[in-house]
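Trainee: Submitted below is the structure of interest, expressed as structure tokens.
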Amino acid sequence: EVAFTMDTLVRQGKVLYWGTSEWEAHQIASLYGVCRQFNLIPPSVEQPQYNLFHRRRVEDEVAPLCRELGIGLVTFSPLYYGILTGKYNDSIPAGSRASREDLGWIRDRITPERIKIVRQLTALARELGVTTAQLAIAWILRRKEVSSVITGATRLEQLDENLVAAEVELSLTNEILEQIDEIFGALPHD
């Protein structure tokens, strides 16, 4: 039903492209099959959560299918609720999202194991002369399937910092990527 509705909206010129968000690979494949069967305009993008801590489903299932079908990925939560910025490496700063009473679920994700790993990523970022956030976003941008990254910046300074990640991505060597995989290999991914 969604494919028919979206096809109509595209053909009427009300939307240019459409996509799915947080769909499983089998759901995307099924939808794409329906679009082919009925000559409907298929989705152009899938919007999954994708970051260094939350990557298995995208890498093992969604990205290969999207590559095969020509669907782009517009990822969100590249900094894993701010944890991959390194700002929680020593404590939870006052005024941060994790300090808010209504966002205790973020504090639940700030575990000693994750902080140890982010500290290692921060050390690598410093060696490279970039911020931890820039390195984490650049790591995502290196994937050919990724069309865009929704950074979730809440301040102009954060946006400016995050935009540099596109330049950092160009300098990621296989050696650096292997170092990142070694750092994150110590913790099971979500």
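Numbering starts fresh at 1 for the residues of each chain in the structure tokens, the chains themselves are lettered A, B, ... in the order given, and ligands are numbered from 1 as they appear.
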Among chain A, which residues does DSSP mark as helix (DSSP H, G or I) when it is run on the backbone? Keep the chain and numbering as in the structure and answer as a ChimeraX atom specification.
Mentor: /A:2-11,25-37,56-69,83-85,97-99,101-109,112-128,132-141,156-163,165-169,174-184
Trainee: When distances are computed from only C-alpha atoms, which of A:Glu24, A:Glu157, A:Asp102, A:Glu113 shows the smallest separation from Asp60 (chain A)?
Mentor: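 When distances to Asp60 (chain A) are compared using only C-alpha atoms, the smallest one comes from A:Glu24.
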Trainee: Taking only region 68-164 of chain A into account, list the residues labelled strand (DSSP E or B) by DSSP (computed from the backbone), as a list in words.
Mentor: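 These are the residues in question: Gly72, Leu73, Val74, Thr75, Phe76, Val146, Ser147, Ser148, Val149 and Ile150 of chain A.
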Trainee: With C-alpha atoms retained, export the selected residues as an mmCIF file, in the first residue's frame.
Mentor:
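Output contents, as saved in again_38.cif:
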data_model
loop_
_atom_site.group_PDB
_atom_site.id
_atom_site.type_symbol
_atom_site.label_atom_id
_atom_site.label_comp_id
_atom_site.auth_asym_id
_atom_site.auth_seq_id
_atom_site.Cartn_x
_atom_site.Cartn_y
_atom_site.Cartn_z
ATOM 1 C CA GLY A 72 21.276 5.159 -0.970
ATOM 2 C CA LEU A 73 21.678 5.287 2.790
ATOM 3 C CA VAL A 74 20.882 8.464 4.700
ATOM 4 C CA THR A 75 22.156 7.520 8.126
ATOM 5 C CA PHE A 76 21.338 9.020 11.497
ATOM 6 C CA VAL A 146 26.033 6.421 2.192
ATOM 7 C CA SER A 147 24.397 9.353 0.413
ATOM 8 C CA SER A 148 24.256 11.580 3.468
ATOM 9 C CA VAL A 149 24.665 11.631 7.232
ATOM 10 C CA ILE A 150 22.131 13.315 9.502
#
Trainee: Please produce, as a tab-separated table, a per-residue contact table for region 78-143 of chain A versus region 32-52 of chain A (criterion: any atom at most 7 Å away, only C-alpha atoms considered), showing the nearest atom pair and its distance in Å to one decimal, sorted by chain then residue number.
Mentor:
residue	atom	partner	partner_atom	distance
A:Pro78	CA	A:Asn51	CA	4.7
A:Leu79	CA	A:Asn51	CA	6.5
A:Tyr80	CA	A:Asn51	CA	6.5
A:Ile140	CA	A:Asn51	CA	6.8
